[in-house]
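Below: the structure, in structure tokens.
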Amino acid sequence: MPATDIVHVTDPNSQEALDALRHSCAHLMAQAVQELFPGTKITIGPAIENGFYYDFDSPHRFSEADFLPIEKRMLQIAEGNHPFVGKEVSYEESKAYWSGRGENYKVELLEGFKDQKLTHYTHSTFTDLCRGGHTPSTKAIRHFKLLSVAGAYWRGDEKNAMLQRIYATAWPAKDQLSAHLKMLEEAKKRDHRKIGPALDLFSIQELAGPGLIFWHPKGGRVRLIMEDWLRAEALKRGYDMVYTPHIANADLWHTSGHTSFYRQNMFGEIEVEKADYMLKPMNCPFHILIYRSSLRSYKDLPLRYAELGTVYRYERSGVLHGLMRVRGFTQDDAHIFCTPDQIESEVSGCVDFALEVFKTYGFEKYAMEVSTWDPEKSGDYSGEAAEWERATSALESVLNRRGIPYKLCKGEAAFYGPKIDMKLIDAIGRPWQLSTVQFDFNLPKKFDLEFVGNDGERHRPLMVHRALYGSVERFFGILVEHYAGAFPLWLAPVQVKILTLTDAQIGLAEELKKTFEAAGLRVELDARPEKIGHKIRETALEKVPYMVLLGPKDVESGTLAVRLRDGRQKNGVTAEEFLRRLTEEVSTKKTASSWE
RNA sequence: GCCGGGGUAGCUCAACGGUAGAGCAAUCGCUUCGUAAGCGAUAGGUUGAGGGUUCGAAUCCCUUCCCCGGCUCCA
């Protein structure tokens, strides 16, 4: 028995040990499912982040109602303390075994493993074709839970059969399982699709169509602040703001190549005066047209065109998801045109800007990936080997110089150039694709872009695409979830709410509101004849950062009774102090109340 | 787009072949109150839409739209 394929636990939380536990648990689940639902065929069941899944082909339609019986049976099997036993088998032997059992998916898998060493792993009465990585016995498996059932194509290909996938989670210790389940619950509570409409931030209207976002006044306020900040920051960094149309003649999209490689995602055509128009799925060709509108000198470069550009993409109905995946969205897009010797400083500027975005919005963790081509398949890509090498090394060296760790993904680049992708890790540990800095060797060629060098000759400029929020909609959705709707003061749609105790304070409350507004704060007044506890509850549910309670005692003392969003109370605060603290908190963009 | 699950009052849900209901929200009155829900009354619905079966449909069937969990794709 190849002992190396059994994971003897030294650190139960090492990735290897977690994967072994989860993959072993997948075997148990497959056994339980086959026992309980005869006729079910097995396919694959890998460990994934935080758990595992197993894909089945079964006459039975799995539902959550099946989870409890499956879990019970799994526990019984686990308690049997069956060892996982690995056995090397020949191709013929394995094929005979799986064909004999009618497991045609396993037989199909075998075809791909013909030249490899094959192993079967057995525990209890269950055997799987598997390369190993198991716990010594089933006894290690105790803390798991089935989570959901979903469709999945065999081998991820939509031309293949649709299988039923059961997702589950498994952990070495009970408290880790409950912590994970709690995290899932927390994620559900933070879901921007729930919080957004509840806080009256945005909506999606069935009458208008799926994947199209309506920003309500409160969401609109936050967006305005996000956009204003970004624009100001871009101007500081030498960008020019441009504006371009939402629609263009199909000829432009033929020139850019979008009608050949992106047609299935485009809205169009709209026939006007015998010409076809299409909605823009990307801003790049428009910025290129601005570049091309006059002859450029090397002295003009780099040119950095930025736009909050709204694009429309036809996304298949099943992929839409709240604000995260939509059909109309606004990119904080920019295109930088530069000379080859400027690329490193330009990429560096983009990375700086992205880091500033992360810091400003309170994200401490992020993950970076550099995606480049697969030189073996250079025919699939636009651009020369030297360009790819130079650009990729610029991307890497910028990150290296800052000591930022990244994952190098070979063959993951788009056909037109290498890129850095930046993923945010939110407050509860989930990653989100956000910023991207991307070279484009294709469009400058398609549009025959040029600049005149100091040698008097014409040269082709390099082009870099760059988005930081990525999509304003998606970034906003991430913010809603990251803060669970409790925006930091500088972003909060309503920053202060004044609550009167009795009608006698209304006059003073209105004056106070004017004073606060004059200081630039966004203020609301609740002067209804409701009990103070009632008003506090409603304001708390609206996640307003600061409440000012105004009753007879405060009028008498001439001070304010302040209640923070976290429930802390600060009584006897003067209006001056309150304003000083809040304006300070806004200008420093603190992500939590600065009130100690 | 595909597989599965759903759509009932503004929200959360009940009724599952026999008169569509509750809590919260809303509106109107009363209450003038000190740190997360005062009291009462009223109003609110072509049960997503269209068609069918039936004496009778929210409930069963068909079509369609939208939403949810995933797959594929992606900002």
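Residue names in the structure tokens use chain letters A, B, ... in the order shown, residue numbers from 1 in each chain, and ligand numbers from 1 in the order shown.
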**Report entry** All residues 10 Å or closer to B:U72, only C-alpha atoms (C1' of nucleotides), same chain fewer than 2 positions away omitted, as an MDAnalysis selection string
**Finding:** (chainID A and resid 152:153 156:159 316 318:319) or (chainID B and resid 1:2)
Mind dumping a table of every chain B residue within 8 Å of chain A, with the nearest atom pair and its distance in Å to one decimal, using only C-alpha atoms (C1' of nucleotides), sorted by chain and rising number, as CSV?
residue,atom,partner,partner_atom,distance
B:G1,C1',A:Arg316,CA,6.2
B:C2,C1',A:Glu158,CA,7.0
B:C3,C1',A:Gly151,CA,4.5
B:G4,C1',A:Ala150,CA,6.3
B:U32,C1',A:Thr502,CA,5.0
B:C33,C1',A:Lys531,CA,5.4
B:G34,C1',A:Ile532,CA,7.1
B:U35,C1',A:Gly533,CA,6.3
B:A36,C1',A:Arg537,CA,4.0
B:A37,C1',A:His534,CA,5.7
B:G38,C1',A:Lys531,CA,7.1
B:C66,C1',A:Glu206,CA,6.5
B:G69,C1',A:Ala150,CA,6.1
B:G70,C1',A:Ala150,CA,4.5
B:C71,C1',A:Ala152,CA,4.3
B:U72,C1',A:Glu158,CA,6.4
B:C73,C1',A:Val319,CA,8.0
B:C74,C1',A:Arg325,CA,7.9
B:A75,C1',A:Gly470,CA,5.1
Those residues you just picked out, can you put them in a file as a compact mmCIF listing (two decimals), in the first residue's frame with N, CA and C atoms (P, O5', C5', C4', C3', O3' and C1' of nucleotides)?
# COMPACT_ATOMS: atom_id res chain seq x y z
P G B 1 -32.41 32.42 -21.38
O5' G B 1 -31.51 31.16 -21.76
C5' G B 1 -31.58 30.57 -23.04
C4' G B 1 -30.56 29.48 -23.12
C3' G B 1 -30.77 28.32 -22.14
O3' G B 1 -31.65 27.36 -22.69
C1' G B 1 -28.51 29.05 -22.04
P C B 2 -32.66 26.52 -21.76
O5' C B 2 -31.64 25.55 -21.00
C5' C B 2 -30.94 24.54 -21.72
C4' C B 2 -30.06 23.77 -20.77
C3' C B 2 -30.75 23.31 -19.49
O3' C B 2 -31.45 22.09 -19.70
C1' C B 2 -28.69 24.33 -18.95
P C B 3 -32.82 21.81 -18.89
O5' C B 3 -32.29 21.36 -17.46
C5' C B 3 -31.68 20.09 -17.29
C4' C B 3 -31.24 19.93 -15.85
C3' C B 3 -32.30 20.23 -14.81
O3' C B 3 -33.16 19.13 -14.60
C1' C B 3 -30.28 21.31 -14.21
P G B 4 -34.67 19.38 -14.12
O5' G B 4 -34.49 19.94 -12.64
C5' G B 4 -34.26 19.03 -11.57
C4' G B 4 -33.95 19.79 -10.31
C3' G B 4 -35.07 20.68 -9.78
O3' G B 4 -36.05 19.94 -9.08
C1' G B 4 -33.02 21.85 -9.71
P U B 32 -49.88 62.97 26.57
O5' U B 32 -48.39 63.01 26.02
C5' U B 32 -47.33 62.34 26.71
C4' U B 32 -46.01 62.99 26.34
C3' U B 32 -45.87 64.44 26.83
O3' U B 32 -44.53 64.68 27.19
C1' U B 32 -45.62 64.36 24.49
P C B 33 -44.01 64.36 28.63
O5' C B 33 -43.01 63.16 28.23
C5' C B 33 -42.89 62.06 29.11
C4' C B 33 -42.58 60.81 28.31
C3' C B 33 -41.15 60.69 27.81
O3' C B 33 -40.66 59.40 28.13
C1' C B 33 -42.67 60.20 26.10
P G B 34 -39.53 59.28 29.28
O5' G B 34 -38.20 59.38 28.42
C5' G B 34 -37.97 58.42 27.40
C4' G B 34 -36.48 58.26 27.19
C3' G B 34 -35.73 57.77 28.43
O3' G B 34 -34.61 57.02 27.97
C1' G B 34 -34.93 59.89 27.81
P U B 35 -34.39 55.50 28.51
O5' U B 35 -33.74 54.80 27.24
C5' U B 35 -34.51 54.61 26.05
C4' U B 35 -33.57 54.41 24.90
C3' U B 35 -32.44 53.44 25.18
O3' U B 35 -32.13 52.76 23.99
C1' U B 35 -31.56 55.51 24.56
P A B 36 -32.21 51.16 23.84
O5' A B 36 -32.79 51.10 22.35
C5' A B 36 -34.06 51.65 22.05
C4' A B 36 -34.82 50.70 21.16
C3' A B 36 -35.01 49.30 21.74
O3' A B 36 -36.22 48.76 21.25
C1' A B 36 -33.73 49.17 19.78
P A B 37 -37.44 48.48 22.31
O5' A B 37 -38.60 49.38 21.74
C5' A B 37 -38.51 49.96 20.43
C4' A B 37 -39.88 50.06 19.83
C3' A B 37 -41.04 49.60 20.73
O3' A B 37 -42.22 50.22 20.24
C1' A B 37 -40.82 48.13 18.92
P G B 38 -42.81 51.44 20.88
O5' G B 38 -43.63 50.88 22.11
C5' G B 38 -44.87 50.32 21.96
C4' G B 38 -45.83 50.93 22.96
C3' G B 38 -47.27 50.76 22.53
O3' G B 38 -47.77 49.50 22.91
C1' G B 38 -46.89 53.00 23.11
P C B 66 -37.06 37.27 -18.12
O5' C B 66 -37.17 37.42 -16.54
C5' C B 66 -37.41 38.69 -15.96
C4' C B 66 -37.76 38.53 -14.50
C3' C B 66 -36.72 37.84 -13.63
O3' C B 66 -35.67 38.70 -13.25
C1' C B 66 -38.84 36.93 -13.16
P G B 69 -28.30 32.83 -5.00
O5' G B 69 -28.23 31.24 -4.97
C5' G B 69 -28.36 30.52 -3.76
C4' G B 69 -28.10 29.06 -4.02
C3' G B 69 -26.88 28.80 -4.89
O3' G B 69 -25.71 28.80 -4.11
C1' G B 69 -28.72 27.53 -5.70
P G B 70 -24.33 29.25 -4.75
O5' G B 70 -23.98 27.96 -5.59
C5' G B 70 -23.38 28.05 -6.85
C4' G B 70 -23.57 26.73 -7.53
C3' G B 70 -22.91 26.63 -8.88
O3' G B 70 -21.56 26.22 -8.73
C1' G B 70 -25.15 25.95 -9.07
P C B 71 -20.43 26.77 -9.72
O5' C B 71 -20.82 26.01 -11.07
C5' C B 71 -20.69 24.60 -11.15
C4' C B 71 -21.11 24.15 -12.53
C3' C B 71 -20.44 24.89 -13.68
O3' C B 71 -19.18 24.33 -13.97
C1' C B 71 -22.76 24.79 -14.06
P U B 72 -17.94 25.26 -14.29
O5' U B 72 -18.34 25.91 -15.69
C5' U B 72 -18.17 25.19 -16.91
C4' U B 72 -18.77 25.98 -18.04
C3' U B 72 -18.18 27.38 -18.23
O3' U B 72 -16.98 27.37 -18.97
C1' U B 72 -20.53 27.51 -18.24
P C B 73 -15.79 28.35 -18.53
O5' C B 73 -16.36 29.82 -18.80
C5' C B 73 -16.49 30.31 -20.13
C4' C B 73 -17.32 31.57 -20.14
C3' C B 73 -16.70 32.79 -19.46
O3' C B 73 -15.76 33.46 -20.30
C1' C B 73 -18.91 32.58 -18.73
P C B 74 -14.47 34.13 -19.63
O5' C B 74 -15.08 35.30 -18.74
C5' C B 74 -15.23 36.60 -19.27
C4' C B 74 -16.13 37.42 -18.38
C3' C B 74 -15.44 38.24 -17.31
O3' C B 74 -15.00 39.48 -17.83
C1' C B 74 -17.28 37.10 -16.36
P A B 75 -13.65 40.21 -17.23
O5' A B 75 -14.22 41.35 -16.27
C5' A B 75 -13.41 42.44 -15.88
C4' A B 75 -14.14 43.18 -14.78
C3' A B 75 -14.61 42.25 -13.68
O3' A B 75 -13.62 42.09 -12.70
C1' A B 75 -16.41 43.62 -14.40
Query raised in the report: Separation of atom CA of A:Tyr277 and atom CA of A:Leu323, in Å?
Result: 26.7 Å
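Proximity of A:Leu212, A:Ile48, A:Leu508, A:Ile288 to A:Asp448, computed with only C-alpha atoms, is greatest for A:Ile288.
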Requested in this report: Skip stretch 342-357 of chain A itself and residues of its chain fewer than 2 positions away, then list as a PyMOL selection string all residues within 6 Å of it, counting only C-alpha atoms (C1' of nucleotides).
Outcome: chain A and resi 339-340+359-360+394+398+468
Query - Residues within 12 Å of B:A41, only C-alpha atoms (C1' of nucleotides), excluding chain neighbours under 6 positions, as JSON, numbers by chain - result: {"B": [27, 28, 29, 30]}
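In this model, the gap between atom CA of A:Lys423 and atom CA of A:Gly403 comes to 16.7 Å.
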Can you list every residue in stretch 465-502 of chain A that DSSP puts in helix (DSSP H, G or I), as a compact mmCIF listing (two decimals) with C-alpha atoms, in the first residue's frame?
# COMPACT_ATOMS: atom_id res chain seq x y z
CA VAL A 472 -19.23 50.76 -9.94
CA GLU A 473 -22.24 48.48 -9.40
CA ARG A 474 -20.17 45.51 -8.31
CA PHE A 475 -17.89 47.59 -6.12
CA PHE A 476 -20.91 49.14 -4.43
CA GLY A 477 -22.37 45.67 -3.88
CA ILE A 478 -19.10 44.56 -2.30
CA LEU A 479 -19.10 47.64 -0.06
CA VAL A 480 -22.66 46.92 1.06
CA GLU A 481 -21.65 43.39 2.03
CA HIS A 482 -18.29 44.38 3.49
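In this structure, atom CA of A:Leu146 sits 16.1 Å away from atom CA of A:Phe37.
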Shell of 10 Å around stretch 8-20 of chain B, only C-alpha atoms (C1' of nucleotides), local chain residues under 4 positions omitted, as a PDB file with C-alpha atoms (C1' of nucleotides), in the first residue's frame:
ATOM      1  CA  ALA A 198     -34.103  47.113   2.644  1.00  0.00           C
TER       2      ALA A 198
ATOM      3  C1'   C B  24     -44.431  43.935  10.829  1.00  0.00           C
ATOM      4  C1'   A B  25     -44.703  48.287   7.606  1.00  0.00           C
ATOM      5  C1'   A B  26     -48.464  52.027   5.700  1.00  0.00           C
ATOM      6  C1'   G B  44     -54.256  47.120   1.585  1.00  0.00           C
ATOM      7  C1'   G B  45     -54.752  41.164  -3.295  1.00  0.00           C
ATOM      8  C1'   U B  47     -52.270  34.707  -5.545  1.00  0.00           C
ATOM      9  C1'   U B  54     -63.014  21.280 -12.999  1.00  0.00           C
ATOM     10  C1'   G B  56     -65.387  25.233  -8.220  1.00  0.00           C
ATOM     11  C1'   A B  57     -58.118  26.650  -9.000  1.00  0.00           C
ATOM     12  C1'   A B  58     -53.434  30.364  -5.042  1.00  0.00           C
ATOM     13  C1'   U B  59     -53.705  24.902  -4.973  1.00  0.00           C
ATOM     14  C1'   C B  60     -53.758  20.264 -10.741  1.00  0.00           C
TER      15        C B  60
END
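Using only C-alpha atoms (C1' of nucleotides) for every distance, the candidate list A:Arg193, A:Arg292, A:Lys407, A:Arg131 yields A:Arg193 as the residue closest to B:C68.
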Query raised in the report: Which is closest to B:G51 among B:U63, B:U31, B:A22, B:G5, if we use only C-alpha atoms (C1' of nucleotides)?
Result: B:U63
Report task. Using only C-alpha atoms (C1' of nucleotides), determine which residues lie at most 8 Å from A:Trp388, disregarding the query and same-chain residues fewer than 4 positions distant; provide the list as JSON, numbers by chain. Result -> {"A": [372, 373, 383, 384, 392, 417, 418]}
Query raised in the report: Residues at most 8 Å from stretch 586-592 of chain A, counting only C-alpha atoms (C1' of nucleotides), excluding those fewer than 4 positions away in the same chain, as a list in words?
Result: Thr360, Tyr361, Gly362, Phe487, Pro488, Leu489, Trp490 and Leu582 of chain A
Members of stretch 356-561 of chain A assigned strand (DSSP E) by DSSP, as an mmCIF file with C-alpha atoms, in the first residue's frame:
data_model
loop_
_atom_site.group_PDB
_atom_site.id
_atom_site.type_symbol
_atom_site.label_atom_id
_atom_site.label_comp_id
_atom_site.auth_asym_id
_atom_site.auth_seq_id
_atom_site.Cartn_x
_atom_site.Cartn_y
_atom_site.Cartn_z
ATOM 1 C CA LYS A 365 -6.534 42.056 2.429
ATOM 2 C CA TYR A 366 -6.250 41.418 -1.253
ATOM 3 C CA ALA A 367 -4.834 38.810 -3.575
ATOM 4 C CA MET A 368 -3.033 39.524 -6.824
ATOM 5 C CA GLU A 369 -2.591 37.406 -9.909
ATOM 6 C CA VAL A 370 -0.397 38.003 -12.918
ATOM 7 C CA SER A 371 -1.861 36.264 -15.942
ATOM 8 C CA THR A 372 0.306 35.711 -18.960
ATOM 9 C CA TYR A 406 1.138 37.278 -6.426
ATOM 10 C CA LYS A 407 0.226 34.130 -8.228
ATOM 11 C CA LEU A 408 1.611 33.717 -11.741
ATOM 12 C CA CYS A 409 -1.058 32.191 -13.964
ATOM 13 C CA LYS A 410 0.352 30.887 -17.203
ATOM 14 C CA LYS A 419 -2.632 41.463 -16.921
ATOM 15 C CA ILE A 420 -2.659 41.892 -13.169
ATOM 16 C CA ASP A 421 -5.965 40.970 -11.537
ATOM 17 C CA MET A 422 -6.589 42.150 -8.002
ATOM 18 C CA LYS A 423 -9.047 40.416 -5.766
ATOM 19 C CA LEU A 424 -10.392 41.937 -2.599
ATOM 20 C CA ILE A 425 -10.922 39.866 0.485
ATOM 21 C CA PRO A 431 -12.608 37.121 -2.495
ATOM 22 C CA TRP A 432 -14.005 39.401 -5.213
ATOM 23 C CA GLN A 433 -12.474 40.145 -8.586
ATOM 24 C CA LEU A 434 -12.083 43.881 -8.806
ATOM 25 C CA SER A 435 -9.219 45.867 -10.262
ATOM 26 C CA THR A 436 -7.392 44.913 -13.382
ATOM 27 C CA VAL A 437 -4.377 46.314 -15.236
ATOM 28 C CA GLN A 438 -4.192 44.857 -18.671
ATOM 29 C CA PHE A 439 -1.973 45.246 -21.718
ATOM 30 C CA ASP A 440 -3.520 45.305 -25.155
ATOM 31 C CA PHE A 451 3.021 58.412 -32.369
ATOM 32 C CA VAL A 452 6.006 60.264 -33.741
ATOM 33 C CA ARG A 458 6.205 56.708 -36.595
ATOM 34 C CA HIS A 459 5.895 54.139 -33.812
ATOM 35 C CA LEU A 462 1.470 50.605 -26.045
ATOM 36 C CA MET A 463 -1.995 50.514 -24.603
ATOM 37 C CA VAL A 464 -2.954 49.610 -21.040
ATOM 38 C CA HIS A 465 -6.545 49.066 -19.883
ATOM 39 C CA ARG A 466 -7.130 49.762 -16.245
ATOM 40 C CA ALA A 467 -10.176 49.612 -13.979
ATOM 41 C CA VAL A 496 -26.774 62.176 11.285
ATOM 42 C CA LYS A 497 -30.371 61.822 12.351
ATOM 43 C CA ILE A 498 -31.843 64.193 14.893
ATOM 44 C CA LEU A 499 -34.545 62.640 17.060
ATOM 45 C CA THR A 500 -36.849 64.852 19.094
ATOM 46 C CA VAL A 523 -28.794 65.158 8.074
ATOM 47 C CA GLU A 524 -32.356 63.968 8.622
ATOM 48 C CA LEU A 525 -34.811 64.984 11.299
ATOM 49 C CA ASP A 526 -37.360 62.663 12.876
ATOM 50 C CA TYR A 546 -24.876 59.142 14.487
ATOM 51 C CA MET A 547 -28.122 59.982 16.270
ATOM 52 C CA VAL A 548 -28.637 63.195 18.140
ATOM 53 C CA LEU A 549 -31.372 62.979 20.773
ATOM 54 C CA LEU A 550 -32.990 66.250 21.619
ATOM 55 C CA LEU A 560 -26.365 67.201 22.737
ATOM 56 C CA ALA A 561 -27.113 63.603 23.663
#
